[in-house]
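Asks: As input, take work38.pdb (PDB, C-alpha atoms):
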```pdb
MODEL        1
ATOM      1  CA  MET A 274      93.388-215.188  94.183
ATOM      2  CA  GLU A 275      94.557-214.124  97.652
ATOM      3  CA  ASN A 276      98.161-213.895  96.494
ATOM      4  CA  ILE A 277      97.130-211.748  93.523
ATOM      5  CA  SER A 278      95.121-209.289  95.600
ATOM      6  CA  GLN A 279      97.913-209.135  98.183
ATOM      7  CA  LYS A 280     100.551-208.380  95.507
ATOM      8  CA  LEU A 281      98.247-205.811  93.899
ATOM      9  CA  LYS A 282      97.766-204.090  97.244
ATOM     10  CA  THR A 283     101.547-204.047  97.767
ATOM     11  CA  LEU A 284     102.001-202.585  94.294
ATOM     12  CA  GLN A 285      99.436-199.873  95.011
ATOM     13  CA  ILE A 286     101.200-198.987  98.264
ATOM     14  CA  LEU A 287     104.517-198.707  96.401
ATOM     15  CA  PHE A 288     102.785-196.616  93.732
ATOM     16  CA  PHE A 289     101.554-194.059  96.256
ATOM     17  CA  ALA A 290     104.871-194.114  98.141
ATOM     18  CA  MET A 291     106.689-193.242  94.916
ATOM     19  CA  ILE A 292     104.290-190.359  94.267
ATOM     20  CA  LEU A 293     104.801-189.050  97.798
ATOM     21  CA  GLY A 294     108.558-189.401  97.342
ATOM     22  CA  GLN A 295     108.410-187.317  94.173
ATOM     23  CA  ILE A 296     106.372-184.622  95.886
ATOM     24  CA  PHE A 297     108.682-184.592  98.920
ATOM     25  CA  LEU A 298     111.858-184.364  96.829
ATOM     26  CA  PHE A 299     110.405-181.693  94.599
ATOM     27  CA  SER A 300     109.037-179.625  97.485
ATOM     28  CA  THR A 301     112.431-179.794  99.224
ATOM     29  CA  PHE A 302     114.204-178.614  96.085
ATOM     30  CA  PHE A 303     111.531-175.973  95.523
ATOM     31  CA  LEU A 304     112.139-174.638  99.045
ATOM     32  CA  LEU A 305     115.895-174.603  98.427
ATOM     33  CA  HIS A 306     115.308-172.806  95.132
ATOM     34  CA  TYR A 307     113.373-170.019  96.809
ATOM     35  CA  GLN A 308     115.954-169.713  99.553
ATOM     36  CA  GLY A 309     118.433-168.806  96.847
ATOM     37  CA  VAL A 310     120.461-172.004  96.743
ATOM     38  CA  ARG A 311     122.052-172.355  93.314
ATOM     39  CA  ILE A 312     124.597-174.965  92.379
ATOM     40  CA  PHE A 313     125.733-173.466  89.084
ATOM     41  CA  GLU A 314     125.530-169.823  88.209
ATOM     42  CA  ASN A 315     127.093-169.717  84.740
ATOM     43  CA  SER A 316     124.840-169.809  81.716
ATOM     44  CA  GLU A 317     126.401-172.892  80.106
ATOM     45  CA  SER A 318     125.573-175.092  83.097
ATOM     46  CA  LEU A 319     122.066-173.663  83.289
ATOM     47  CA  PHE A 320     121.515-174.474  79.626
ATOM     48  CA  ILE A 321     122.639-178.059  80.147
ATOM     49  CA  PHE A 322     120.344-178.667  83.102
ATOM     50  CA  ASN A 323     117.401-176.925  81.454
ATOM     51  CA  PHE A 324     117.985-179.235  78.497
ATOM     52  CA  ILE A 325     118.301-182.417  80.582
ATOM     53  CA  ALA A 326     114.866-182.200  82.202
ATOM     54  CA  PRO A 327     112.826-182.177  78.958
ATOM     55  CA  LEU A 328     115.192-184.775  77.555
ATOM     56  CA  GLY A 329     114.271-186.959  80.540
ATOM     57  CA  ILE A 330     110.665-187.003  79.342
ATOM     58  CA  LEU A 331     111.704-187.996  75.843
ATOM     59  CA  ILE A 332     113.932-190.815  77.092
ATOM     60  CA  PHE A 333     112.245-192.241  80.172
ATOM     61  CA  THR A 334     108.595-192.186  79.042
ATOM     62  CA  PRO A 335     109.081-194.445  76.001
ATOM     63  CA  LEU A 336     111.597-196.539  77.946
ATOM     64  CA  GLY A 337     109.073-197.111  80.737
ATOM     65  CA  TYR A 338     106.340-198.142  78.320
ATOM     66  CA  PHE A 339     108.737-200.349  76.356
ATOM     67  CA  LEU A 340     109.949-202.203  79.454
ATOM     68  CA  TYR A 341     106.361-202.576  80.634
ATOM     69  CA  SER A 342     105.164-204.023  77.337
ATOM     70  CA  GLN A 343     108.081-206.473  77.198
ATOM     71  CA  LYS A 344     107.339-207.778  80.693
ATOM     72  CA  CYS A 345     103.632-208.081  79.898
ATOM     73  CA  LYS A 346     104.487-210.089  76.771
ATOM     74  CA  GLU A 347     106.499-212.452  78.964
ATOM     75  CA  ALA A 348     103.596-212.704  81.399
ATOM     76  CA  ARG A 349     101.214-213.781  78.622
ATOM     77  CA  LYS A 350     103.249-216.947  78.134
ATOM     78  CA  TRP A 351     102.330-218.232  81.598
ATOM     79  CA  ARG A 352      99.034-219.913  82.491
ATOM     80  CA  SER A 353      99.177-219.296  86.236
ATOM     81  CA  ASP A 354      97.738-216.009  87.475
ATOM     82  CA  GLY A 355     100.349-215.972  90.238
ATOM     83  CA  GLN A 356     103.179-216.047  87.694
ATOM     84  CA  LYS A 357     101.451-213.407  85.593
ATOM     85  CA  MET A 358     101.095-211.186  88.658
ATOM     86  CA  SER A 359     104.813-211.516  89.392
ATOM     87  CA  PHE A 360     105.630-210.298  85.881
ATOM     88  CA  TYR A 361     102.997-207.550  86.105
ATOM     89  CA  PHE A 362     104.435-206.454  89.457
ATOM     90  CA  SER A 363     107.970-206.142  88.083
ATOM     91  CA  ALA A 364     106.699-204.512  84.865
ATOM     92  CA  CYS A 365     104.884-201.833  86.842
ATOM     93  CA  LEU A 366     107.891-201.202  89.067
ATOM     94  CA  GLN A 367     110.157-200.767  86.047
ATOM     95  CA  LYS A 368     107.703-198.345  84.468
ATOM     96  CA  TYR A 369     107.311-196.376  87.708
ATOM     97  CA  VAL A 370     111.068-196.094  88.170
ATOM     98  CA  CYS A 371     111.336-194.609  84.676
ATOM     99  CA  PHE A 372     108.569-192.117  85.483
ATOM    100  CA  GLU A 373     110.284-191.330  88.776
ATOM    101  CA  MET A 374     113.464-190.482  86.862
ATOM    102  CA  ILE A 375     111.542-187.811  84.951
ATOM    103  CA  SER A 376     110.610-186.224  88.251
ATOM    104  CA  VAL A 377     114.165-186.467  89.586
ATOM    105  CA  CYS A 378     115.532-184.792  86.435
ATOM    106  CA  ALA A 379     112.980-181.998  86.868
ATOM    107  CA  ALA A 380     113.842-181.575  90.544
ATOM    108  CA  PHE A 381     117.552-181.240  89.837
ATOM    109  CA  ALA A 382     116.854-178.869  86.964
ATOM    110  CA  LEU A 383     114.876-176.756  89.422
ATOM    111  CA  LEU A 384     117.822-176.639  91.805
ATOM    112  CA  PHE A 385     120.195-175.679  89.005
ATOM    113  CA  SER A 386     118.009-173.153  87.209
ATOM    114  CA  LYS A 387     116.678-169.694  87.844
ATOM    115  CA  LYS A 388     113.160-170.331  86.513
ATOM    116  CA  PRO A 389     110.951-172.948  88.205
ATOM    117  CA  SER A 390     108.188-172.976  85.580
ATOM    118  CA  GLN A 391     109.772-175.569  83.285
ATOM    119  CA  SER A 392     110.489-177.899  86.196
ATOM    120  CA  LEU A 393     106.945-177.547  87.541
ATOM    121  CA  ILE A 394     105.516-178.460  84.141
ATOM    122  CA  ILE A 395     107.756-181.516  83.930
ATOM    123  CA  LEU A 396     106.781-182.592  87.451
ATOM    124  CA  GLY A 397     103.135-182.217  86.420
ATOM    125  CA  ILE A 398     103.722-184.431  83.393
ATOM    126  CA  SER A 399     105.427-187.014  85.583
ATOM    127  CA  LEU A 400     102.535-187.062  88.063
ATOM    128  CA  VAL A 401      99.991-187.346  85.244
ATOM    129  CA  LEU A 402     101.952-190.298  83.834
ATOM    130  CA  PHE A 403     101.837-191.913  87.239
ATOM    131  CA  PHE A 404      98.112-191.428  87.741
ATOM    132  CA  ILE A 405      97.088-192.687  84.308
ATOM    133  CA  ASN A 406      99.171-195.818  84.941
ATOM    134  CA  LYS A 407      97.797-196.649  88.379
ATOM    135  CA  PRO A 408      97.906-200.398  89.038
ATOM    136  CA  SER A 409      94.556-202.166  89.148
ATOM    137  CA  LEU A 410      93.077-205.616  88.796
ATOM    138  CA  PHE A 411      91.425-204.579  85.522
ATOM    139  CA  ARG A 412      94.733-203.394  84.095
ATOM    140  CA  PHE A 413      96.432-206.599  85.259
ATOM    141  CA  GLU A 414      93.814-208.720  83.505
ATOM    142  CA  THR A 415      93.829-206.748  80.265
ATOM    143  CA  ASP A 416      97.593-206.309  79.973
ATOM    144  CA  THR A 417      98.474-209.930  80.727
ATOM    145  CA  LYS A 418      95.618-211.509  78.785
ATOM    146  CA  GLU A 419      96.673-213.870  76.009
TER     147      GLU A 419
ENDMDL
END
```
The structure in this file should be written as structure tokens.
Replies:
Amino acid sequence: MENISQKLKTLQILFFAMILGQIFLFSTFFLLHYQGVRIFENSESLFIFNFIAPLGILIFTPLGYFLYSQKCKEARKWRSDGQKMSFYFSACLQKYVCFEMISVCAAFALLFSKKPSQSLIILGISLVLFFINKPSLFRFETDTKE
């Protein structure tokens, strides 16, 4: 049980570090945006980057949940809680990386666009996805239960 609680604590630390990384990256790009830094000024490039950010939600959210469910299915095959926790750990990391990509797409769209509102909404969605998928012992037990 010690190994499980130790891995869960490590996973929770990584979870909060990823959230802080998203906020730091986004706040840096937000500051650059308001200082007038623009990478592309023509309308075609702006359209592409304003299209990529919402597309990131449509691609990475289902991908994150799919990868998570596949890893949890693999974990159910094992009897040992230590093995299950290893699969749960990697499943959560894969899901969080997908959610992080949504935030990164939004941050770059902010840097490339003239309007920050769309990027702020997408960052909000990404943070909500993170918080509703916070790792916990209860979630570990329910998602890896046979």
Asks: Which residue is closest to Lys280 (chain A)? Choose from A:Met358, A:Val370, A:Val377, A:Leu340 and count all atoms listed in the file.
Replies: A:Met358
Asks: When the PyMOL selection byres ((chain A and resi 322) around 8) is applied to the file above, which residues end up in the set, as a list in words?
Replies: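 For this structure, the PyMOL selection byres ((chain A and resi 322) around 8) captures Ser318, Leu319, Phe320, Ile321, Asn323, Phe324, Ile325, Ala326, Phe381, Ala382, Phe385 and Ser386 of chain A.
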Asks: Give as a ChimeraX atom specification every residue, naming chains and numbers as the document does, that has an atom within 10 Å of (99.3, -213.0, 94.5), counting only C-alpha atoms.
Replies: /A:274-283,354-359,362
Asks: Hey, can you check how far CA of Leu328 (chain A) sits from CA of Gln308 (chain A)?
Replies: 26.7 Å
Asks: What lies within 9 Å of Phe372 (chain A) using all atoms listed in the file, ignoring chain neighbours under 6 positions off, as a compact mmCIF listing (two decimals) with C-alpha atoms, in the coordinates of the input?
Replies:
```txt
# COMPACT_ATOMS: atom_id res chain seq x y z
CA ILE A 330 110.66 -187.00 79.34
CA PHE A 333 112.24 -192.24 80.17
CA THR A 334 108.60 -192.19 79.04
CA GLY A 337 109.07 -197.11 80.74
CA SER A 399 105.43 -187.01 85.58
CA LEU A 400 102.54 -187.06 88.06
CA LEU A 402 101.95 -190.30 83.83
CA PHE A 403 101.84 -191.91 87.24
```
Asks: Closest to Gly294 (chain A) among A:Glu414, A:Glu373, A:Glu347, A:Glu419, using all atoms listed in the file?
Replies: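 Between A:Glu414, A:Glu373, A:Glu347, A:Glu419, the residue approaching Gly294 (chain A) most closely is A:Glu373.
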Asks: Which of these residues is nearest to Lys368 (chain A), using all atoms listed in the file: A:Ile394, A:Leu331, A:Leu384, A:Leu336?
Replies: A:Leu336
Asks: Here is a test: counting all atoms listed in the file, which residue of A:Asn406, A:Gln343, A:Ser363, A:Ser353 is nearest to Ile292 (chain A)?
Replies: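 The closest residue to Ile292 (chain A) is A:Asn406.
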Asks: Have a look at A:Phe297, A:Tyr369, A:Phe303, A:Trp351 and name the one nearest to Leu284 (chain A); count all atoms listed in the file.
Replies: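 Among the listed residues, A:Tyr369 lies closest to Leu284 (chain A).
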Asks: Which one is closest to Cys378 (chain A): A:Tyr338, A:Phe411, A:Phe299, A:Tyr307? Count only C-alpha atoms.
Replies: A:Phe299
Asks: Enumerate, as a list in words, the protein, DNA and RNA residues whose atoms approach (105.4, -208.1, 79.2) to within 10 Å, taking into account only C-alpha atoms and the coordinate frame of the file.
Replies: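 Residues close enough to count: Phe339, Leu340, Tyr341, Ser342, Gln343, Lys344, Cys345, Lys346, Glu347, Ala348, Arg349, Lys350, Lys357, Phe360, Tyr361, Ser363, Ala364, Cys365, Asp416 and Thr417 of chain A.
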Asks: First collect every listed atom of region 305-308 of chain A; then fit an axis-aligned box around them, widen it by 3 Å on each side, and give centre and edge lengths in Å to one decimal, as lines of an AutoDock Vina configuration file.
Replies:
```
center_x = 114.7
center_y = -172.2
center_z = 97.3
size_x = 8.6
size_y = 10.9
size_z = 10.4
```
